[in-house]
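**Student:** Input file: coords-v8.txt. Contents: compact mmCIF, C-alpha atoms.
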# COMPACT_ATOMS: atom_id res chain seq x y z
CA MET A 23 201.08 -26.13 -2.78
CA THR A 24 204.42 -24.39 -2.30
CA ARG A 25 203.21 -21.48 -4.39
CA ARG A 26 200.19 -21.10 -2.09
CA ALA A 27 202.25 -21.44 1.05
CA ILE A 28 204.59 -18.55 0.20
CA PRO A 29 201.94 -15.80 0.10
CA PHE A 30 200.39 -17.25 3.26
CA ALA A 31 203.73 -17.13 5.06
CA ALA A 32 204.26 -13.58 3.80
CA LEU A 33 200.86 -12.61 5.24
CA VAL A 34 201.74 -14.16 8.59
CA VAL A 35 205.01 -12.24 8.67
CA LEU A 36 203.18 -9.05 7.69
CA PHE A 37 200.59 -9.41 10.46
CA ALA A 38 203.21 -10.35 13.01
CA SER A 39 205.31 -7.32 12.14
CA SER A 40 202.31 -4.97 12.20
CA ALA A 41 201.42 -5.92 15.80
CA PRO A 42 202.17 -3.16 18.33
CA ALA A 43 205.88 -3.16 19.06
CA ARG A 44 205.35 -2.88 22.80
CA ALA A 45 207.09 -5.94 24.10
CA ASP A 46 210.76 -5.35 24.68
CA ASP A 47 213.18 -7.64 26.43
CA LEU A 48 215.18 -5.58 28.91
CA THR A 49 217.29 -8.44 30.23
CA GLY A 50 220.81 -7.15 30.78
CA ALA A 51 219.92 -3.60 29.81
CA TYR A 52 221.12 -0.76 32.01
CA HIS A 53 219.76 2.21 30.17
CA LEU A 54 216.05 2.47 29.43
CA LEU A 55 213.62 4.87 27.87
CA CYS A 56 210.11 4.60 29.31
CA SER A 57 206.90 6.21 28.18
CA THR A 58 203.82 6.72 30.28
CA GLY A 59 200.35 5.86 29.08
CA LYS A 60 197.33 5.54 31.36
CA ILE A 61 197.60 7.63 34.52
CA THR A 62 195.17 7.64 37.42
CA LEU A 63 195.09 9.92 40.45
CA CYS A 64 193.21 8.84 43.57
CA TYR A 65 192.38 10.86 46.69
CA GLU A 66 191.83 9.69 50.26
CA THR A 67 188.12 10.33 49.77
CA GLY A 68 188.05 7.41 47.38
CA THR A 69 187.61 9.61 44.37
CA CYS A 70 189.82 8.84 41.41
CA GLU A 71 190.33 10.57 38.12
CA ALA A 72 192.21 9.65 34.99
CA GLY A 73 194.35 12.13 33.17
CA ASP A 74 197.12 12.42 30.68
CA ALA A 75 200.79 13.05 31.40
CA GLU A 76 200.54 16.78 30.80
CA GLU A 77 197.56 17.23 33.10
CA LEU A 78 199.25 15.47 36.00
CA ASN A 79 202.71 16.83 35.27
CA VAL A 80 204.07 13.37 34.68
CA PRO A 81 206.88 13.37 32.11
CA GLN A 82 205.81 11.69 28.89
CA PHE A 83 209.19 10.02 28.57
CA ILE A 84 211.55 9.04 31.36
CA ASP A 85 215.17 8.15 30.79
CA ILE A 86 216.33 5.60 33.34
CA ASP A 87 219.99 4.91 34.01
CA LEU A 88 219.94 1.78 36.15
CA GLN A 89 223.65 1.91 36.98
CA GLN A 90 223.39 5.45 38.30
CA LYS A 91 219.85 4.82 39.60
CA ARG A 92 219.01 8.05 37.87
CA LEU A 93 215.61 8.90 36.44
CA SER A 94 215.39 11.97 34.23
CA THR A 95 213.35 13.65 31.56
CA THR A 96 214.67 13.50 28.03
CA ARG A 97 216.71 16.37 26.69
CA ALA A 98 214.16 16.90 23.93
CA SER A 99 211.37 17.55 26.45
CA GLY A 100 213.19 20.62 27.74
CA MET A 101 211.83 19.91 31.22
CA ASN A 102 215.18 19.26 32.87
CA ARG A 103 213.76 17.18 35.70
CA SER A 104 215.58 14.34 37.40
CA THR A 105 215.80 12.32 40.58
CA THR A 106 218.01 9.60 41.94
CA ALA A 107 216.33 6.49 43.30
CA ASP A 108 217.34 5.21 46.72
CA THR A 109 217.29 1.58 45.64
CA MET A 110 217.47 -0.41 42.43
CA LYS A 111 216.99 -4.16 42.37
CA ARG A 112 216.57 -6.85 39.76
CA VAL A 113 214.28 -9.37 41.39
CA ASP A 114 212.27 -12.23 39.88
CA GLY A 115 212.35 -10.86 36.37
CA ALA A 116 211.49 -7.33 37.46
CA ILE A 117 213.53 -4.19 37.77
CA VAL A 118 212.46 -2.28 40.86
CA LEU A 119 213.40 1.32 41.56
CA GLN A 120 212.27 3.07 44.71
CA GLY A 121 212.86 6.51 46.11
CA PHE A 122 211.50 9.58 47.76
CA GLU A 123 211.36 13.16 46.56
CA LYS A 124 209.59 16.28 47.81
CA GLY A 125 207.02 14.47 49.92
CA ARG A 126 206.42 11.74 47.37
CA ALA A 127 207.46 8.12 47.71
CA TYR A 128 207.68 6.27 44.44
CA SER A 129 208.12 2.79 43.08
CA PHE A 130 208.88 1.83 39.51
CA VAL A 131 208.40 -1.83 38.65
CA ILE A 132 209.53 -2.84 35.17
CA ASP A 133 208.94 -6.30 33.74
CA GLU A 134 212.20 -7.36 32.15
CA LYS A 135 210.64 -9.67 29.59
CA SER A 136 207.85 -7.45 28.33
CA GLY A 137 209.19 -3.98 29.05
CA GLY A 138 205.95 -3.03 30.76
CA ILE A 139 206.30 -0.49 33.55
CA THR A 140 204.07 0.24 36.54
CA ILE A 141 204.67 3.43 38.47
CA ALA A 142 203.17 4.24 41.86
CA VAL A 143 203.62 7.58 43.59
CA ALA A 144 202.27 8.10 47.07
CA SER A 145 201.94 11.45 48.80
CA THR A 146 199.77 12.86 51.55
CA SER A 147 196.12 12.25 50.76
CA ARG A 148 196.67 11.11 47.22
CA GLY A 149 198.32 8.52 45.05
CA VAL A 150 199.19 8.33 41.40
CA THR A 151 199.49 5.20 39.32
CA ALA A 152 200.82 5.13 35.81
CA PHE A 153 201.42 2.38 33.29
CA GLY A 154 203.65 2.38 30.29
CA TRP A 155 206.39 0.70 28.31
CA CYS A 156 210.17 0.71 28.32
CA THR A 157 212.75 0.02 25.68
CA PRO A 158 216.50 -0.47 26.10
CA LEU A 159 218.87 2.29 25.06
CA PRO A 160 222.58 2.08 24.30
CA ALA A 161 224.67 2.40 27.47
CA THR A 162 226.22 5.66 26.34
CA ARG A 163 224.42 8.18 24.14
CA MET B 6 208.55 61.60 -52.87
CA LYS B 7 211.50 61.69 -50.56
CA ARG B 8 209.93 64.66 -48.73
CA MET B 9 206.69 62.75 -48.37
CA VAL B 10 208.42 59.70 -46.90
CA ALA B 11 210.31 61.91 -44.50
CA ALA B 12 207.08 63.63 -43.43
CA VAL B 13 205.31 60.30 -42.80
CA THR B 14 208.30 58.98 -40.87
CA ALA B 15 208.37 62.11 -38.75
CA ALA B 16 204.63 61.84 -38.11
CA LEU B 17 204.97 58.19 -37.07
CA THR B 18 207.76 59.14 -34.71
CA ILE B 19 205.90 62.06 -33.15
CA VAL B 20 202.46 60.42 -32.66
CA PRO B 21 203.52 57.67 -30.21
CA SER B 22 205.59 60.15 -28.23
CA LEU B 23 202.54 62.43 -27.97
CA VAL B 24 200.40 59.51 -26.78
CA LEU B 25 203.03 58.53 -24.24
CA ALA B 26 203.30 62.10 -23.03
CA GLN B 27 199.53 62.30 -22.58
CA THR B 28 199.42 59.00 -20.70
CA ALA B 29 202.24 60.13 -18.44
CA THR B 30 200.36 63.28 -17.40
CA VAL B 31 197.15 61.31 -16.89
CA ALA B 32 198.47 58.53 -14.73
CA PRO B 33 198.72 59.40 -11.05
CA ALA B 34 202.01 58.88 -9.25
CA SER B 35 200.79 55.60 -7.73
CA GLY B 36 199.50 54.41 -11.09
CA LYS B 37 195.98 54.10 -9.63
CA THR B 38 193.09 56.50 -9.45
CA LEU B 39 191.62 57.40 -6.08
CA ALA B 40 188.61 55.20 -6.80
CA ALA B 41 190.76 52.27 -7.87
CA THR B 42 192.68 52.36 -4.58
CA MET B 43 189.37 51.51 -2.92
CA ASN B 44 188.52 48.88 -5.53
CA VAL B 45 185.86 51.16 -7.01
CA TYR B 46 185.97 51.29 -10.78
CA ALA B 47 184.61 54.40 -12.49
CA PHE B 48 184.29 54.79 -16.25
CA PRO B 49 183.63 58.26 -17.70
CA THR B 50 180.48 58.01 -19.82
CA LYS B 51 180.63 61.56 -21.18
CA GLY B 52 184.23 61.55 -22.28
CA GLN B 53 185.56 63.25 -19.16
CA THR B 54 189.30 63.65 -19.25
CA PRO B 55 191.41 61.81 -16.68
CA GLU B 56 192.13 65.13 -15.02
CA THR B 57 188.41 65.84 -14.68
CA GLN B 58 187.87 62.35 -13.39
CA SER B 59 190.57 62.84 -10.82
CA LYS B 60 188.95 66.07 -9.63
CA ASP B 61 185.49 64.46 -9.60
CA GLU B 62 186.76 61.54 -7.58
CA ALA B 63 188.37 63.88 -5.07
CA ALA B 64 185.13 65.85 -4.74
CA CYS B 65 183.12 62.65 -4.34
CA TYR B 66 185.58 61.38 -1.78
CA ASP B 67 185.00 64.50 0.32
CA TYR B 68 181.26 64.18 -0.19
CA ALA B 69 181.31 60.53 0.96
CA VAL B 70 183.47 61.36 4.00
CA GLN B 71 181.04 64.09 5.02
CA SER B 72 177.89 62.11 4.40
CA THR B 73 179.03 58.85 6.05
CA GLY B 74 181.41 60.23 8.65
CA THR B 75 183.92 57.62 7.55
CA ASP B 76 187.34 58.04 6.00
CA PRO B 77 188.60 54.85 4.30
CA PHE B 78 192.23 55.62 5.02
CA THR B 79 191.42 56.07 8.70
CA LEU B 80 189.39 52.86 8.49
CA GLN B 81 192.34 51.03 7.02
CA LYS B 82 194.56 52.11 9.91
CA GLN B 83 191.77 51.26 12.33
CA SER B 84 191.43 47.81 10.78
CA GLN B 85 195.17 47.18 11.05
CA ALA B 86 195.13 48.28 14.68
CA GLN B 87 192.16 45.99 15.36
CA ALA B 88 193.93 43.05 13.75
CA GLN B 89 196.99 43.71 15.93
CA GLN B 90 194.80 44.00 19.03
CA THR B 91 193.07 40.70 18.21
CA GLU B 92 196.42 38.98 17.70
CA ALA B 93 197.72 40.41 20.99
CA ALA B 94 194.56 39.31 22.83
CA LYS B 95 194.88 35.81 21.37
CA GLN B 96 198.52 35.60 22.39
CA GLN B 97 197.68 36.82 25.88
CA ALA B 98 194.93 34.19 26.19
CA SER B 99 197.25 31.43 25.03
CA LYS B 100 200.01 32.61 27.37
CA ALA B 101 197.60 32.66 30.30
CA GLY B 102 196.50 29.12 29.49
CA ALA B 103 200.03 27.93 28.90
CA GLY B 104 200.97 29.33 32.29
CA ALA B 105 198.28 27.25 33.93
CA GLY B 106 199.24 24.14 32.02
CA ALA B 107 202.98 24.52 32.24
CA LYS B 108 203.06 25.63 35.86
CA GLY B 109 204.30 22.26 36.99
CA ALA B 110 206.76 21.94 34.17
CA VAL B 111 208.31 25.31 34.91
CA GLY B 112 208.38 24.49 38.58
CA GLY B 113 209.94 21.17 37.70
CA ALA B 114 212.64 22.84 35.64
CA ALA B 115 213.48 25.20 38.48
CA ALA B 116 213.38 22.57 41.20
CA GLY B 117 214.59 19.76 38.99
CA ALA B 118 212.19 17.36 40.70
CA LEU B 119 211.03 14.46 38.55
CA ILE B 120 208.61 12.80 40.96
CA GLY B 121 208.10 15.66 43.41
CA GLU B 122 206.20 17.70 40.86
CA ILE B 123 203.79 14.98 39.82
CA ALA B 124 200.16 15.97 40.43
CA SER B 125 201.38 19.08 42.21
CA ASP B 126 198.40 21.34 42.21
CA ASP B 127 196.58 23.15 44.99
CA ALA B 128 193.29 22.43 43.29
CA GLY B 129 194.02 18.73 43.72
CA LYS B 130 194.65 19.19 47.42
CA GLY B 131 191.31 20.90 47.70
CA ALA B 132 189.71 17.89 46.08
CA ALA B 133 191.34 15.54 48.53
CA ILE B 134 189.90 17.52 51.39
CA GLY B 135 186.49 17.28 49.82
CA ALA B 136 186.03 20.22 47.54
CA GLY B 137 185.54 17.81 44.68
CA VAL B 138 187.99 19.70 42.52
CA GLY B 139 190.71 17.55 41.01
CA VAL B 140 194.05 18.24 39.44
CA VAL B 141 192.89 16.87 36.12
CA ALA B 142 189.59 18.75 36.29
CA GLY B 143 191.44 21.94 37.27
CA ARG B 144 193.85 21.69 34.38
CA ARG B 145 191.08 20.77 31.97
CA ARG B 146 189.19 23.83 33.14
CA ALA B 147 192.31 25.95 32.60
CA LYS B 148 192.62 24.56 29.06
CA SER B 149 188.93 25.18 28.43
CA ALA B 150 189.20 28.73 29.78
CA GLN B 151 192.22 29.30 27.54
CA SER B 152 190.43 28.09 24.42
CA SER B 153 187.29 30.08 25.22
CA ALA B 154 189.38 33.24 25.84
CA THR B 155 191.10 32.71 22.49
CA ALA B 156 187.74 32.14 20.79
CA GLN B 157 186.35 35.28 22.44
CA ALA B 158 189.30 37.35 21.22
CA GLU B 159 188.81 35.94 17.71
CA ALA B 160 185.06 36.67 17.81
CA GLN B 161 185.68 40.23 18.97
CA GLY B 162 188.22 40.69 16.21
CA GLN B 163 185.79 39.34 13.62
CA GLN B 164 183.02 41.62 14.88
CA ALA B 165 185.31 44.63 14.66
CA GLN B 166 186.39 43.64 11.13
CA GLN B 167 182.77 43.16 10.08
CA ALA B 168 181.88 46.60 11.46
CA THR B 169 184.81 48.10 9.57
CA ALA B 170 183.77 46.30 6.37
CA ALA B 171 180.20 47.62 6.77
CA GLN B 172 181.51 51.18 7.22
CA MET B 173 183.70 50.78 4.15
CA ASP B 174 180.78 49.43 2.16
CA ASN B 175 178.67 52.38 3.20
CA PHE B 176 181.41 54.77 2.16
CA LYS B 177 181.72 53.13 -1.26
CA LYS B 178 177.98 53.50 -1.77
CA ALA B 179 178.11 57.23 -1.06
CA PHE B 180 181.22 57.62 -3.24
CA SER B 181 179.62 55.68 -6.10
CA VAL B 182 176.33 57.62 -5.96
CA CYS B 183 178.28 60.85 -6.22
CA LEU B 184 180.32 59.59 -9.19
CA GLU B 185 177.18 58.32 -10.92
CA ALA B 186 175.65 61.78 -10.49
CA LYS B 187 178.71 63.10 -12.27
CA SER B 188 178.09 60.76 -15.26
CA TYR B 189 180.42 57.87 -14.47
CA MET B 190 179.56 54.25 -14.68
CA VAL B 191 180.64 52.77 -11.36
CA LYS B 192 181.25 49.19 -10.18
CA TYR B 193 182.70 47.94 -6.91
Do you think you could lay out the structure here as structure tokens?
**Tutor:**
Amino acid sequence: MTRRAIPFAALVVLFASSAPARADDLTGAYHLLCSTGKITLCYETGTCEAGDAEELNVPQFIDIDLQQKRLSTTRASGMNRSTTADTMKRVDGAIVLQGFEKGRAYSFVIDEKSGGITIAVASTSRGVTAFGWCTPLPATR
Amino acid sequence: MKRMVAAVTAALTIVPSLVLAQTATVAPASGKTLAATMNVYAFPTKGQTPETQSKDEAACYDYAVQSTGTDPFTLQKQSQAQAQQTEAAKQQASKAGAGAGAKGAVGGAAAGALIGEIASDDAGKGAAIGAGVGVVAGRRRAKSAQSSATAQAEAQGQQAQQATAAQMDNFKKAFSVCLEAKSYMVKY
């Protein structure tokens, strides 16, 4: 019985470890790396279209420093884009960053337990929503 | 006996040097005959000397140039120039496309705006007003235009190369016919 149980347990561990490593507990983390996945752009006409990060000029990876409230592209991307959020709150298990830049108001809502991120950007006549995942980074890199 | 041995030794020493000397005068400076430089192989069937063969090949070369209006060495230069032109056209097409795709990124680098550059595209604004042209569609079109421009440049390059190859083939035919008329067995 024990001999049978060991391979079974090994299989369970194998399957558990092969599941997508999306979930990431961000509790207490102050430095995050977020990636964007599905992105949708909607116009005031009611028309929406889905695109990838490159097509909508959304950075594929966003480095978020919660202490500085600073959102920036990674050094490796070579894009050298950054902005500082007006507010950063940790409320009800969510990290919320909000700001305004060049005619665009934005909100980042990150679920602390799962690491899932929802981004909304609103500008005149159009809005962008993006979903993705975040992972904690060491405080200093 | 000693004299005989000495004579044989001398003969053995002289013969290879004579052969070497003959080979040295026969072989062209490049080590290849004119025909061989064009991957045309001519074998003298009536015992023509290498010198005769060289002269015959030169005469046939002139004949082929006159009868086809094509000079392989000019063709080679032309082919190289065409290849360079194709490469330049492909690079230009890819740069044009990259410009369309990376417009926002470059703008973002200059302005340093992370959010302010998202979905920043005049085509998108047009869509919002009602033109039905979106940012995504616009950028996809730009990508498509880029790939079709690259494909066009490649196709043009291939056509030019095929035309050059056909000219070269025609030249080789004329060159070979001439050499065959001069009693050479020719393969290319």
**Student:** Between B:Lys148, B:Glu62, B:Leu119, B:Lys187, which one has atoms that come closest to Pro81 in chain A, using all atoms listed in the file?
**Tutor:**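 Ranked by minimum distance to Pro81 in chain A, first place goes to B:Leu119.
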**Student:** Residues of chain A that have any atom at most 6 Å from an atom of chain B: could you tabulate them with the shortest-distance atom pair and the distance in Å to one decimal, using only C-alpha atoms, ordered by chain and increasing number, as a tab-separated table?
**Tutor:**
residue	atom	partner	partner_atom	distance
A:Tyr65	CA	B:Ala133	CA	5.1
A:Gly73	CA	B:Val141	CA	5.8
A:Glu77	CA	B:Val141	CA	5.6
A:Leu78	CA	B:Ala124	CA	4.6
A:Asn79	CA	B:Ile123	CA	5.0
A:Val80	CA	B:Ile123	CA	5.4
A:Met101	CA	B:Ala114	CA	5.4
A:Asn102	CA	B:Ala114	CA	5.2
A:Arg103	CA	B:Gly117	CA	4.3
A:Ser104	CA	B:Leu119	CA	4.7
A:Thr105	CA	B:Leu119	CA	5.6
A:Glu123	CA	B:Gly121	CA	5.2
A:Lys124	CA	B:Gly121	CA	4.7
A:Arg126	CA	B:Gly121	CA	5.8
**Student:** For the selection just defined, write its residues with C-alpha atoms to a file, as a short mmCIF file (atom, residue, chain, number, x, y, z; two decimals), in the coordinates of the input.
**Tutor:**
data_model
loop_
_atom_site.label_atom_id
_atom_site.label_comp_id
_atom_site.auth_asym_id
_atom_site.auth_seq_id
_atom_site.Cartn_x
_atom_site.Cartn_y
_atom_site.Cartn_z
CA TYR A 65 192.38 10.86 46.69
CA GLY A 73 194.35 12.13 33.17
CA GLU A 77 197.56 17.23 33.10
CA LEU A 78 199.25 15.47 36.00
CA ASN A 79 202.71 16.83 35.27
CA VAL A 80 204.07 13.37 34.68
CA MET A 101 211.83 19.91 31.22
CA ASN A 102 215.18 19.26 32.87
CA ARG A 103 213.76 17.18 35.70
CA SER A 104 215.58 14.34 37.40
CA THR A 105 215.80 12.32 40.58
CA GLU A 123 211.36 13.16 46.56
CA LYS A 124 209.59 16.28 47.81
CA ARG A 126 206.42 11.74 47.37
#
**Student:** Counting only C-alpha atoms, which of A:Ile84, A:Val113, A:Ala72, A:Ala51 gets nearest to Ser99 in chain A?
**Tutor:**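 Of A:Ile84, A:Val113, A:Ala72, A:Ala51, the one nearest Ser99 in chain A is A:Ile84, counting only C-alpha atoms.
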**Student:** Give me, please, the distance in Å between CA of Val70 in chain B and CA of Gln90 in chain B, quoted to one decimal.
**Tutor:**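 Computing it gives 25.6 Å between the two atoms.
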**Student:** For Thr79 in chain B, list every protein, DNA or RNA residue within 12 Å, evaluated using only C-alpha atoms, and leave out those in the same chain fewer than 5 positions away; present the list as number ranges by chain.
**Tutor:** B: 70, 74, 84-86, 169, 172-173
**Student:** So that I have them on file, write out the residues from the current selection with C-alpha atoms, as a PDB file, in the coordinates of the input.
**Tutor:**
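Okay, part.pdb is ready:
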ATOM      1  CA  VAL B  70     183.470  61.360   4.000  1.00  0.00           C
ATOM      2  CA  GLY B  74     181.410  60.230   8.650  1.00  0.00           C
ATOM      3  CA  SER B  84     191.430  47.810  10.780  1.00  0.00           C
ATOM      4  CA  GLN B  85     195.170  47.180  11.050  1.00  0.00           C
ATOM      5  CA  ALA B  86     195.130  48.280  14.680  1.00  0.00           C
ATOM      6  CA  THR B 169     184.810  48.100   9.570  1.00  0.00           C
ATOM      7  CA  GLN B 172     181.510  51.180   7.220  1.00  0.00           C
ATOM      8  CA  MET B 173     183.700  50.780   4.150  1.00  0.00           C
TER       9      MET B 173
END
**Student:** Would you list the contacts of Val143 in chain A as a ChimeraX atom specification, taking every protein, DNA or RNA residue within 7 Å and counting only C-alpha atoms, but skipping same-chain residues closer than 6 positions in sequence?
**Tutor:** /A:126-129,149-151
**Student:** If I take CA of Glu56 in chain B and CA of Ala69 in chain B, how far is one from the other in Å, to one decimal?
**Tutor:**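 Taking CA of Glu56 in chain B as the start and CA of Ala69 in chain B as the end point, the length is 19.8 Å.
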**Student:** What does the distance between CA of Gly121 in chain A and CA of Thr140 in chain A come to in Å, to one decimal place?
**Tutor:**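 Separation between CA of Gly121 in chain A and CA of Thr140 in chain A: 14.4 Å.
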**Student:** Can you tell me, as a list of chain:residue names, which residues sit within 10 Å of (187.5, 63.7, -14.1) in the file's frame, using all atoms listed in the file?
**Tutor:** B:Ala47, B:Phe48, B:Pro49, B:Gly52, B:Gln53, B:Thr54, B:Pro55, B:Glu56, B:Thr57, B:Gln58, B:Ser59, B:Lys60, B:Asp61, B:Glu62, B:Ala63, B:Ala64, B:Leu184, B:Lys187, B:Ser188, B:Tyr189
**Student:** Rank B:Glu92, B:Met43, B:Ala98, B:Phe176 by their smallest atom-to-atom distance to Ala147 in chain B, using only C-alpha atoms, and report the top residue only.
**Tutor:**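 Comparing B:Glu92, B:Met43, B:Ala98, B:Phe176 against Ala147 in chain B, the winner is B:Ala98.
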**Student:** For Ile117 in chain A, list every protein, DNA or RNA residue within 12 Å, evaluated using only C-alpha atoms, and leave out those in the same chain fewer than 4 positions away; present the list as an mmCIF file with C-alpha atoms, in the coordinates of the input.
**Tutor:**
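Here's the written file out.cif:
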data_model
loop_
_atom_site.group_PDB
_atom_site.id
_atom_site.type_symbol
_atom_site.label_atom_id
_atom_site.label_comp_id
_atom_site.auth_asym_id
_atom_site.auth_seq_id
_atom_site.Cartn_x
_atom_site.Cartn_y
_atom_site.Cartn_z
ATOM 1 C CA ASP A 47 213.180 -7.640 26.430
ATOM 2 C CA LEU A 48 215.180 -5.580 28.910
ATOM 3 C CA THR A 49 217.290 -8.440 30.230
ATOM 4 C CA GLY A 50 220.810 -7.150 30.780
ATOM 5 C CA ALA A 51 219.920 -3.600 29.810
ATOM 6 C CA TYR A 52 221.120 -0.760 32.010
ATOM 7 C CA HIS A 53 219.760 2.210 30.170
ATOM 8 C CA LEU A 54 216.050 2.470 29.430
ATOM 9 C CA ILE A 86 216.330 5.600 33.340
ATOM 10 C CA ASP A 87 219.990 4.910 34.010
ATOM 11 C CA LEU A 88 219.940 1.780 36.150
ATOM 12 C CA GLN A 89 223.650 1.910 36.980
ATOM 13 C CA LYS A 91 219.850 4.820 39.600
ATOM 14 C CA THR A 109 217.290 1.580 45.640
ATOM 15 C CA MET A 110 217.470 -0.410 42.430
ATOM 16 C CA LYS A 111 216.990 -4.160 42.370
ATOM 17 C CA ARG A 112 216.570 -6.850 39.760
ATOM 18 C CA VAL A 113 214.280 -9.370 41.390
ATOM 19 C CA SER A 129 208.120 2.790 43.080
ATOM 20 C CA PHE A 130 208.880 1.830 39.510
ATOM 21 C CA VAL A 131 208.400 -1.830 38.650
ATOM 22 C CA ILE A 132 209.530 -2.840 35.170
ATOM 23 C CA ASP A 133 208.940 -6.300 33.740
ATOM 24 C CA GLU A 134 212.200 -7.360 32.150
ATOM 25 C CA LYS A 135 210.640 -9.670 29.590
ATOM 26 C CA SER A 136 207.850 -7.450 28.330
ATOM 27 C CA GLY A 137 209.190 -3.980 29.050
ATOM 28 C CA GLY A 138 205.950 -3.030 30.760
ATOM 29 C CA ILE A 139 206.300 -0.490 33.550
ATOM 30 C CA THR A 140 204.070 0.240 36.540
ATOM 31 C CA ILE A 141 204.670 3.430 38.470
ATOM 32 C CA CYS A 156 210.170 0.710 28.320
#
**Student:** Just checking: using all atoms listed in the file, which residue out of B:Gln81, B:Lys95, B:Asp76, B:Thr50 ends up closest to Gln151 in chain B?
**Tutor:** B:Lys95
